[in-house]
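my_file.txt follows (compact mmCIF, C-alpha atoms):
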```txt
# COMPACT_ATOMS: atom_id res chain seq x y z
CA MET A 1 0.00 0.00 0.00
CA ARG A 2 1.30 3.43 -0.97
CA ILE A 3 1.24 5.83 2.00
CA ALA A 4 1.88 9.57 2.14
CA GLY A 5 3.01 10.72 5.57
CA LEU A 6 2.54 14.37 6.55
CA ILE A 7 5.46 15.33 8.76
CA SER A 8 5.89 18.64 10.60
CA GLY A 9 9.14 17.99 12.43
CA GLY A 10 7.27 17.54 15.71
CA VAL A 11 7.17 14.48 17.92
CA ASP A 12 3.69 13.29 16.91
CA SER A 13 4.28 13.05 13.17
CA SER A 14 7.76 11.63 13.77
CA VAL A 15 6.30 8.81 15.83
CA VAL A 16 3.80 8.20 13.02
CA VAL A 17 6.75 7.49 10.70
CA HIS A 18 8.27 5.13 13.29
CA LEU A 19 5.00 3.22 13.69
CA LEU A 20 4.45 2.95 9.94
CA LYS A 21 7.91 1.53 9.43
CA GLU A 22 7.39 -0.92 12.29
CA ALA A 23 4.18 -2.07 10.61
CA GLY A 24 6.09 -2.79 7.40
CA TYR A 25 5.14 0.28 5.37
CA ASP A 26 7.49 2.53 3.42
CA PRO A 27 5.82 5.97 3.46
CA THR A 28 6.78 8.92 1.30
CA LEU A 29 7.01 11.92 3.61
CA PHE A 30 5.75 15.41 2.86
CA TYR A 31 6.51 18.64 4.69
CA ILE A 32 3.88 21.28 3.87
CA LYS A 33 5.36 24.78 3.82
CA ILE A 34 2.85 27.52 4.50
CA GLY A 35 4.64 30.76 5.38
CA MET A 36 5.69 33.35 2.83
CA ASP A 37 9.42 33.93 2.37
CA ASP A 38 8.88 37.56 1.34
CA ASP A 39 6.58 38.49 4.22
CA ASP A 40 8.12 39.51 7.56
CA LEU A 41 5.10 38.42 9.61
CA LEU A 42 4.05 35.32 7.69
CA HIS A 43 7.64 34.30 7.00
CA CYS A 44 7.92 30.56 7.37
CA ASP A 45 10.63 30.00 9.94
CA SER A 46 10.78 26.38 8.91
CA GLU A 47 14.49 25.62 8.90
CA GLU A 48 14.43 23.70 12.20
CA ASP A 49 11.22 21.90 11.29
CA ILE A 50 12.60 20.81 7.92
CA GLU A 51 15.86 19.76 9.57
CA MET A 52 13.95 17.56 12.03
CA ALA A 53 11.82 16.10 9.25
CA THR A 54 14.95 15.42 7.19
CA LEU A 55 16.62 13.63 10.10
CA VAL A 56 13.56 11.43 10.63
CA ALA A 57 13.32 10.66 6.91
CA HIS A 58 17.02 9.75 6.81
CA LYS A 59 16.74 7.59 9.94
CA TYR A 60 14.02 5.47 8.37
CA GLY A 61 15.17 5.62 4.76
CA CYS A 62 12.10 7.52 3.58
CA LYS A 63 11.84 9.96 0.72
CA LEU A 64 10.99 13.50 1.87
CA GLU A 65 9.36 16.12 -0.33
CA ILE A 66 8.75 19.75 0.61
CA ILE A 67 5.52 21.07 -0.89
CA ASP A 68 4.96 24.83 -0.86
CA LEU A 69 1.29 25.76 -0.38
CA HIS A 70 1.69 29.30 0.96
CA ARG A 71 -0.31 30.92 -1.82
CA GLU A 72 -3.18 28.46 -1.45
CA TYR A 73 -3.08 28.96 2.32
CA TRP A 74 -3.31 32.72 1.86
CA ASP A 75 -6.15 32.54 -0.64
CA THR A 76 -8.26 30.24 1.54
CA VAL A 77 -7.43 30.04 5.24
CA VAL A 78 -6.01 33.52 5.76
CA ALA A 79 -8.72 35.16 3.64
CA TYR A 80 -11.41 33.26 5.58
CA THR A 81 -9.90 34.30 8.93
CA ILE A 82 -9.62 37.99 8.08
CA ASP A 83 -13.13 38.08 6.63
CA LYS A 84 -14.70 36.51 9.73
CA VAL A 85 -12.77 38.73 12.16
CA ARG A 86 -13.70 41.84 10.20
CA LYS A 87 -17.37 40.88 10.55
CA GLY A 88 -16.99 40.45 14.31
CA PHE A 89 -17.09 36.66 14.29
CA THR A 90 -14.77 34.16 16.00
CA PRO A 91 -13.11 32.09 13.25
CA ASN A 92 -11.32 28.75 13.52
CA PRO A 93 -8.41 28.74 11.02
CA ASP A 94 -7.29 25.26 12.08
CA VAL A 95 -10.59 23.71 11.00
CA MET A 96 -10.36 25.31 7.57
CA CYS A 97 -6.67 24.52 7.23
CA ASN A 98 -7.33 20.81 7.65
CA LYS A 99 -10.28 20.87 5.26
CA LEU A 100 -8.79 23.05 2.53
CA ILE A 101 -5.02 22.64 2.78
CA LYS A 102 -3.87 19.44 4.47
CA PHE A 103 -6.59 17.26 2.99
CA GLY A 104 -7.72 19.51 0.15
CA VAL A 105 -4.98 21.16 -1.92
CA PHE A 106 -2.38 18.62 -0.80
CA GLU A 107 -4.57 15.79 -2.05
CA GLU A 108 -4.99 17.49 -5.43
CA LYS A 109 -1.28 18.23 -5.85
CA ALA A 110 0.36 15.14 -4.38
CA GLY A 111 -1.92 12.85 -2.42
CA ARG A 112 -3.86 11.30 -5.27
CA GLN A 113 -1.03 8.94 -6.16
CA PHE A 114 -1.22 7.35 -2.69
CA ASP A 115 -3.70 4.90 -1.19
CA LYS A 116 -3.63 6.48 2.27
CA THR A 117 -2.43 9.65 3.98
CA ALA A 118 -1.09 9.28 7.52
CA THR A 119 -0.91 12.20 9.95
CA GLY A 120 -0.06 12.88 13.57
CA HIS A 121 -3.56 13.97 14.54
CA TYR A 122 -5.08 12.57 17.72
CA ALA A 123 -8.14 10.93 16.17
CA THR A 124 -9.21 7.47 15.03
CA ILE A 125 -10.93 5.81 12.10
CA ILE A 126 -14.01 3.73 12.89
CA GLU A 127 -15.36 1.19 10.40
CA LYS A 128 -19.00 0.37 11.03
CA ASP A 129 -21.62 -1.28 8.82
CA GLY A 130 -19.41 -0.86 5.79
CA LYS A 131 -18.95 2.88 6.38
CA THR A 132 -15.99 4.93 7.59
CA TYR A 133 -16.38 7.40 10.44
CA LEU A 134 -14.13 9.92 12.17
CA GLY A 135 -13.63 8.64 15.72
CA THR A 136 -12.33 10.37 18.81
CA ALA A 137 -8.86 9.74 20.24
CA LYS A 138 -7.98 7.66 23.27
CA ASP A 139 -6.40 10.75 24.86
CA ALA A 140 -9.33 13.09 25.48
CA LEU A 141 -6.98 15.95 26.40
CA LYS A 142 -5.27 15.76 23.00
CA ASP A 143 -8.29 14.78 20.89
CA GLN A 144 -8.27 16.82 17.67
CA THR A 145 -11.49 15.71 16.02
CA ASP A 146 -12.93 19.20 16.56
CA PHE A 147 -10.24 20.48 14.16
CA LEU A 148 -11.16 17.78 11.63
CA ALA A 149 -14.94 18.20 11.75
CA GLN A 150 -15.25 19.85 8.31
CA ILE A 151 -13.54 17.12 6.30
CA ASN A 152 -15.73 14.94 4.09
CA HIS A 153 -16.29 11.21 3.78
CA LEU A 154 -13.82 10.79 0.93
CA GLN A 155 -11.14 12.53 2.94
CA VAL A 156 -11.73 10.57 6.15
CA SER A 157 -11.85 7.25 4.28
CA LYS A 158 -8.32 7.85 3.02
CA LEU A 159 -6.78 8.93 6.31
CA MET A 160 -4.68 7.03 8.84
CA PHE A 161 -4.14 8.25 12.41
CA PRO A 162 -1.48 5.89 13.83
CA ILE A 163 -1.22 7.62 17.22
CA GLY A 164 -4.97 8.01 17.78
CA ASN A 165 -5.11 5.06 20.16
CA LEU A 166 -2.14 6.27 22.22
CA MET A 167 -1.87 8.65 25.13
CA LYS A 168 0.49 11.59 24.65
CA GLU A 169 2.91 10.23 27.22
CA GLU A 170 3.05 6.95 25.29
CA VAL A 171 3.95 8.88 22.14
CA ARG A 172 6.76 10.64 24.01
CA ARG A 173 8.05 7.30 25.36
CA ILE A 174 8.08 5.76 21.89
CA ALA A 175 9.98 8.77 20.55
CA THR A 176 12.52 8.54 23.37
CA ARG A 177 13.05 4.80 22.96
CA ALA A 178 13.45 5.22 19.21
CA ASN A 179 15.93 8.09 19.71
CA LEU A 180 13.91 10.39 17.49
CA PRO A 181 15.46 13.86 17.14
CA SER A 182 12.09 15.45 17.92
CA ALA A 183 11.48 13.45 21.13
CA LYS A 184 11.80 16.46 23.41
CA ARG A 185 10.36 19.16 21.15
CA HIS A 186 7.47 21.18 22.54
CA ASP A 187 4.09 20.99 20.84
CA SER A 188 3.47 23.91 18.48
CA GLN A 189 0.84 26.54 19.32
CA GLY A 190 -0.66 29.11 17.01
CA ILE A 191 -2.56 29.55 13.78
CA CYS A 192 -2.52 26.19 12.05
CA PHE A 193 1.04 25.72 10.80
CA LEU A 194 2.07 29.26 11.76
CA GLY A 195 2.89 28.32 15.31
CA LYS A 196 5.30 31.21 15.89
CA VAL A 197 2.87 33.93 14.78
CA ASN A 198 1.15 35.93 17.52
CA TYR A 199 -2.58 36.04 16.73
CA ASN A 200 -3.00 39.74 17.58
CA ASP A 201 0.04 40.66 15.46
CA PHE A 202 -1.49 38.65 12.64
CA ILE A 203 -4.83 40.49 12.91
CA ARG A 204 -3.15 43.89 13.35
CA ARG A 205 -1.15 43.33 10.18
CA TYR A 206 -4.30 43.12 8.06
CA LEU A 207 -6.95 45.09 9.95
CA GLY A 208 -4.83 47.65 11.78
CA GLU A 209 -6.07 49.34 14.96
CA LYS A 210 -9.20 51.41 15.65
CA LYS A 211 -9.76 52.88 19.09
CA GLY A 212 -13.17 52.29 20.64
CA PRO A 213 -14.82 52.30 24.08
CA ILE A 214 -15.13 49.41 26.52
CA VAL A 215 -18.55 49.83 28.12
CA GLU A 216 -20.02 48.19 31.23
CA LEU A 217 -23.18 46.34 30.23
CA GLU A 218 -25.19 47.12 33.37
CA THR A 219 -24.36 50.81 33.77
CA GLY A 220 -23.32 52.09 30.32
CA LYS A 221 -20.17 53.49 31.91
CA ILE A 222 -17.05 53.72 29.74
CA LEU A 223 -14.36 51.75 31.58
CA GLY A 224 -11.55 52.15 29.11
CA TYR A 225 -10.65 51.82 25.46
CA HIS A 226 -9.69 48.98 23.13
CA LYS A 227 -7.70 49.01 19.88
CA GLY A 228 -10.34 47.39 17.70
CA TYR A 229 -13.26 45.02 18.27
CA TRP A 230 -11.48 42.45 16.09
CA PHE A 231 -8.95 41.79 18.85
CA HIS A 232 -11.67 40.49 21.18
CA THR A 233 -14.14 37.63 21.28
CA VAL A 234 -17.30 36.91 23.27
CA GLY A 235 -16.47 35.26 26.60
CA GLN A 236 -12.92 36.67 26.70
CA ARG A 237 -11.65 37.63 30.14
CA LYS A 238 -7.98 38.42 29.52
CA GLY A 239 -6.30 41.18 27.58
CA LEU A 240 -8.85 43.91 28.28
CA GLY A 241 -6.51 45.98 30.43
CA LEU A 242 -9.19 46.74 33.04
CA SER A 243 -8.63 46.72 36.79
CA GLY A 244 -10.96 45.33 39.44
CA GLY A 245 -11.95 42.29 37.40
CA PRO A 246 -12.48 39.72 36.23
CA TRP A 247 -14.26 41.36 33.31
CA PHE A 248 -15.87 39.36 30.52
CA VAL A 249 -16.66 40.40 26.95
CA ILE A 250 -20.43 39.99 26.65
CA ARG A 251 -20.99 41.23 23.12
CA LYS A 252 -19.52 43.41 20.39
CA ASP A 253 -21.10 46.25 18.42
CA VAL A 254 -19.28 46.00 15.11
CA GLU A 255 -20.79 49.12 13.54
CA ALA A 256 -20.03 51.34 16.54
CA ASN A 257 -16.76 49.57 17.47
CA ILE A 258 -17.94 49.06 21.08
CA ILE A 259 -16.95 46.22 23.39
CA TRP A 260 -19.58 45.49 26.07
CA VAL A 261 -18.26 43.88 29.24
CA SER A 262 -19.58 42.71 32.59
CA LYS A 263 -17.89 41.88 35.86
CA GLY A 264 -17.81 38.72 37.92
CA TYR A 265 -17.17 35.06 37.26
CA GLU A 266 -20.83 34.05 37.50
CA VAL A 267 -22.10 36.70 35.11
CA GLU A 268 -25.19 35.09 33.62
CA ALA A 269 -24.81 36.84 30.27
CA VAL A 270 -21.49 35.06 29.60
CA TYR A 271 -23.17 31.64 29.78
CA GLY A 272 -25.73 30.07 27.50
CA ASP A 273 -27.43 26.73 27.00
CA GLU A 274 -28.39 26.85 23.32
CA PHE A 275 -27.10 27.87 19.92
CA THR A 276 -28.10 27.67 16.27
CA MET A 277 -25.83 26.53 13.44
CA GLN A 278 -25.95 27.17 9.71
CA ASP A 279 -24.41 25.18 6.82
CA PHE A 280 -24.16 22.03 8.90
CA HIS A 281 -21.67 19.59 7.40
CA PHE A 282 -22.03 15.83 7.91
CA ILE A 283 -18.71 13.99 7.64
CA THR A 284 -20.03 10.56 6.63
CA GLU A 285 -23.83 10.69 6.69
CA ASN A 286 -26.87 12.19 8.37
CA PRO A 287 -27.68 9.63 11.08
CA TRP A 288 -30.84 11.36 12.27
CA THR A 289 -34.21 10.28 10.92
CA ASP A 290 -36.46 12.05 13.43
CA LEU A 291 -35.40 15.33 15.03
CA CYS A 292 -38.83 16.48 16.18
CA SER A 293 -38.22 15.52 19.81
CA GLY A 294 -34.46 16.03 19.67
CA ILE A 295 -31.58 13.56 19.42
CA ASP A 296 -29.16 12.98 22.29
CA ILE A 297 -25.65 14.12 21.39
CA THR A 298 -22.47 15.50 22.88
CA PHE A 299 -20.71 18.54 21.46
CA LYS A 300 -17.85 21.04 21.66
CA ILE A 301 -17.70 24.70 20.73
CA ARG A 302 -13.97 25.06 21.33
CA HIS A 303 -10.91 22.86 21.75
CA THR A 304 -11.37 21.28 25.17
CA PRO A 305 -11.14 17.70 26.50
CA GLU A 306 -14.76 17.81 27.70
CA PHE A 307 -17.75 16.71 25.65
CA THR A 308 -20.94 18.49 26.73
CA PRO A 309 -24.21 16.51 26.57
CA GLY A 310 -27.26 17.99 24.89
CA LYS A 311 -29.92 17.53 22.22
CA ILE A 312 -30.01 18.61 18.59
CA PHE A 313 -33.08 19.75 16.64
CA LYS A 314 -33.70 20.65 12.99
CA THR A 315 -34.94 24.19 12.41
CA ASP A 316 -35.97 26.16 9.33
CA SER A 317 -32.56 27.87 9.24
CA GLY A 318 -30.31 25.01 10.28
CA TYR A 319 -29.78 23.02 13.45
CA GLN A 320 -30.28 24.05 17.07
CA VAL A 321 -28.45 22.55 20.03
CA LEU A 322 -29.83 22.63 23.57
CA SER A 323 -27.12 22.00 26.14
CA SER A 324 -27.79 20.12 29.36
CA GLU A 325 -25.57 22.60 31.19
CA LYS A 326 -24.57 26.23 30.92
CA ILE A 327 -21.54 26.76 28.72
CA HIS A 328 -19.21 29.73 28.62
CA GLY A 329 -18.58 32.11 25.75
CA ILE A 330 -20.73 30.94 22.82
CA ALA A 331 -19.69 33.21 19.96
CA PRO A 332 -20.94 33.52 16.36
CA GLY A 333 -18.38 32.16 13.93
CA GLN A 334 -17.29 29.30 16.16
CA PHE A 335 -17.92 25.78 14.94
CA GLY A 336 -20.38 23.68 16.87
CA VAL A 337 -18.87 20.19 16.62
CA ILE A 338 -21.37 17.40 17.12
CA TYR A 339 -20.66 13.87 18.36
CA ASP A 340 -22.82 10.87 19.12
CA ALA A 341 -24.13 10.50 22.67
CA ASP A 342 -21.15 8.33 23.65
CA SER A 343 -18.59 10.83 22.30
CA LYS A 344 -17.05 8.15 20.08
CA ILE A 345 -17.96 9.36 16.57
CA CYS A 346 -17.67 12.92 15.25
CA ILE A 347 -20.81 13.41 13.17
CA GLY A 348 -20.01 16.85 11.75
CA SER A 349 -20.06 20.57 12.42
CA GLY A 350 -21.77 23.84 11.59
CA GLU A 351 -21.00 27.52 12.04
CA ILE A 352 -22.71 29.08 15.05
CA ILE A 353 -24.86 32.02 13.98
CA SER A 354 -26.73 32.82 17.20
CA ALA A 355 -26.70 31.92 20.88
```

Could you take the file, read its structure, and then write that structure out as structure tokens?
Amino acid sequence: MRIAGLISGGVDSSVVVHLLKEAGYDPTLFYIKIGMDDDDLLHCDSEEDIEMATLVAHKYGCKLEIIDLHREYWDTVVAYTIDKVRKGFTPNPDVMCNKLIKFGVFEEKAGRQFDKTATGHYATIIEKDGKTYLGTAKDALKDQTDFLAQINHLQVSKLMFPIGNLMKEEVRRIATRANLPSAKRHDSQGICFLGKVNYNDFIRRYLGEKKGPIVELETGKILGYHKGYWFHTVGQRKGLGLSGGPWFVIRKDVEANIIWVSKGYEVEAVYGDEFTMQDFHFITENPWTDLCSGIDITFKIRHTPEFTPGKIFKTDSGYQVLSSEKIHGIAPGQFGVIYDADSKICIGSGEIISA
């Protein structure tokens, strides 16, 4: 079987190569380059990553190809992110990066010649009744199915997640025992592949700054000033620069460039128990035949290890989720990621439009 292995230079994808070789496969490795060489902010500081990937490829006798997708990344993921932020929404670039770049453009340019594509994502593949489903990882803390919830059935049926049934500490132990050069590397944080880019610097680069008031919801009092509503999201409690907190962002007035905040951890306005999604995307199939009385599910609205129980209903405009408990910071633009009631299968996701 011909396997393409996506390698980032980190420990997870390096262990994937080790496990594939142990299983008797000979993967061709690909490093996807995203940053722009002629852009100071989006410059791809990839030398160390490529060096690590090269060392792993050499160790296991694998061919390594570097594929430059920076223009495609700009035209899709970056454009989507800027557009959503400008409209006052809370985007998820990682979701779109997986859908459009890792398993979209890469497949068109290089992946088609391979039977499978293996990655270091913490997820699993579940075969059931002749169908392929995206399954959650053994390590709930590292589970990344929420970042994969916009891929389609063709994409998921071609994927391999060799570390999905391992805990993170097991992955580290394998890397150490195998003397992988990336064994002690820290996990990357940031916008998709651009782990070294500060999010606010990224937004400032393309939207600039625009001073506006921070207003207390209950009193209408101006408490201070922000540098642009696009730097803030509903539910945020850090980075406001206000004393006497904690203060939470309750809502944003995009037209007037106003941030409305309220004080106190138990502020009721920060919490909600329902939201509506548009453009819901099913990964494999629609498993629901009767939504009149609601179907038991679990869900996530952000990257957390917890799965929140609730019910889902079909509405005229999309799908509505009623949560069994109050959840913090539901913001338009986020993806509502829906799982079965046992939190084993990721059914799909939709963009939250109201809460």

Original post:
Using only C-alpha atoms, which residues sit within 12 Å of stretch 121-125 of chain A once same-chain residues fewer than 4 positions away are excluded, as a ChimeraX atom specification?
Top reply: /A:5-8,10-16,98,102,117,131-149,153,155-168,171,284,305,344-346

Original post:
What is the distance between atom CA of A:Phe299 and atom CA of A:Phe335, in Å to one decimal?
Top reply: 10.1 Å

Original post:
atom CA of A:Tyr31 and atom CA of A:Ile66 are how many Å apart?
Top reply: 4.8 Å

Original post:
Leaving out stretch 219-221 of chain A and any residue of its chain fewer than 5 positions from it, which residues lie within 10 Å of it when counting all atoms listed in the file, given as a ChimeraX atom specification?
Top reply: /A:213-214,260-262

Subject >> Point-to-point distance in Å for atom CA of A:Thr233 and atom CA of A:Thr298 >> reply: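 According to the coordinates, atom CA of A:Thr298 and atom CA of A:Thr233 are separated by 23.7 Å.
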
Original post:
Of the candidates A:His18, A:Arg205, A:Arg71, A:Arg172, which one gets nearest to A:Lys59 if we count only C-alpha atoms?
Top reply: A:His18

Each stretch 211-253 of chain A residue no farther than 10 Å from stretch 82-92 of chain A, nearest pair in Å, all atoms listed in the file, as CSV:
```
residue,atom,partner,partner_atom,distance
A:Gly228,CA,A:Arg86,CA,9.9
A:Tyr229,CA,A:Gly88,CA,7.1
A:Trp230,CA,A:Val85,CA,5.6
A:Phe231,CA,A:Val85,CA,8.3
A:His232,CA,A:Gly88,CA,8.7
A:Thr233,CA,A:Thr90,CA,6.3
A:Val234,CA,A:Thr90,CA,8.2
A:Arg251,CA,A:Gly88,CA,9.7
A:Lys252,CA,A:Gly88,CA,7.2
A:Asp253,CA,A:Gly88,CA,8.2
```

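Each of A:Ile3, A:Cys292, A:Leu69, A:Val56 was checked against A:Leu180 using all atoms listed in the file; the smallest atom-to-atom distance is that of A:Val56.
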
Subject >> Which of A:Tyr339, A:Tyr319, A:Phe275, A:Tyr73 sits closest to A:Ile34 [using all atoms listed in the file] >> reply: A:Tyr73

Original post:
Near A:Ser349, counting all atoms listed in the file, which residues have an atom at most 9 Å away, once you skip same-chain residues fewer than 2 positions from it, shown as an NGL selection string?
Top reply: :A and (146 or 149-150 or 277 or 279-283 or 335-339 or 346-347 or 351)

Could you save the residues just selected, with C-alpha atoms, as a CSV table (one decimal), in the frame of the given file?
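Output (result_4.csv):
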```
chain,number,residue,atom,x,y,z
A,146,ASP,CA,-12.9,19.2,16.6
A,149,ALA,CA,-14.9,18.2,11.8
A,150,GLN,CA,-15.2,19.8,8.3
A,277,MET,CA,-25.8,26.5,13.4
A,279,ASP,CA,-24.4,25.2,6.8
A,280,PHE,CA,-24.2,22.0,8.9
A,281,HIS,CA,-21.7,19.6,7.4
A,282,PHE,CA,-22.0,15.8,7.9
A,283,ILE,CA,-18.7,14.0,7.6
A,335,PHE,CA,-17.9,25.8,14.9
A,336,GLY,CA,-20.4,23.7,16.9
A,337,VAL,CA,-18.9,20.2,16.6
A,338,ILE,CA,-21.4,17.4,17.1
A,339,TYR,CA,-20.7,13.9,18.4
A,346,CYS,CA,-17.7,12.9,15.2
A,347,ILE,CA,-20.8,13.4,13.2
A,351,GLU,CA,-21.0,27.5,12.0
```

**OP:** Considering only C-alpha atoms, state which residue in the set A:Lys311, A:Lys63, A:His186, A:Arg173 is at the smallest distance from A:Ala341.
**Re:** A:Lys311
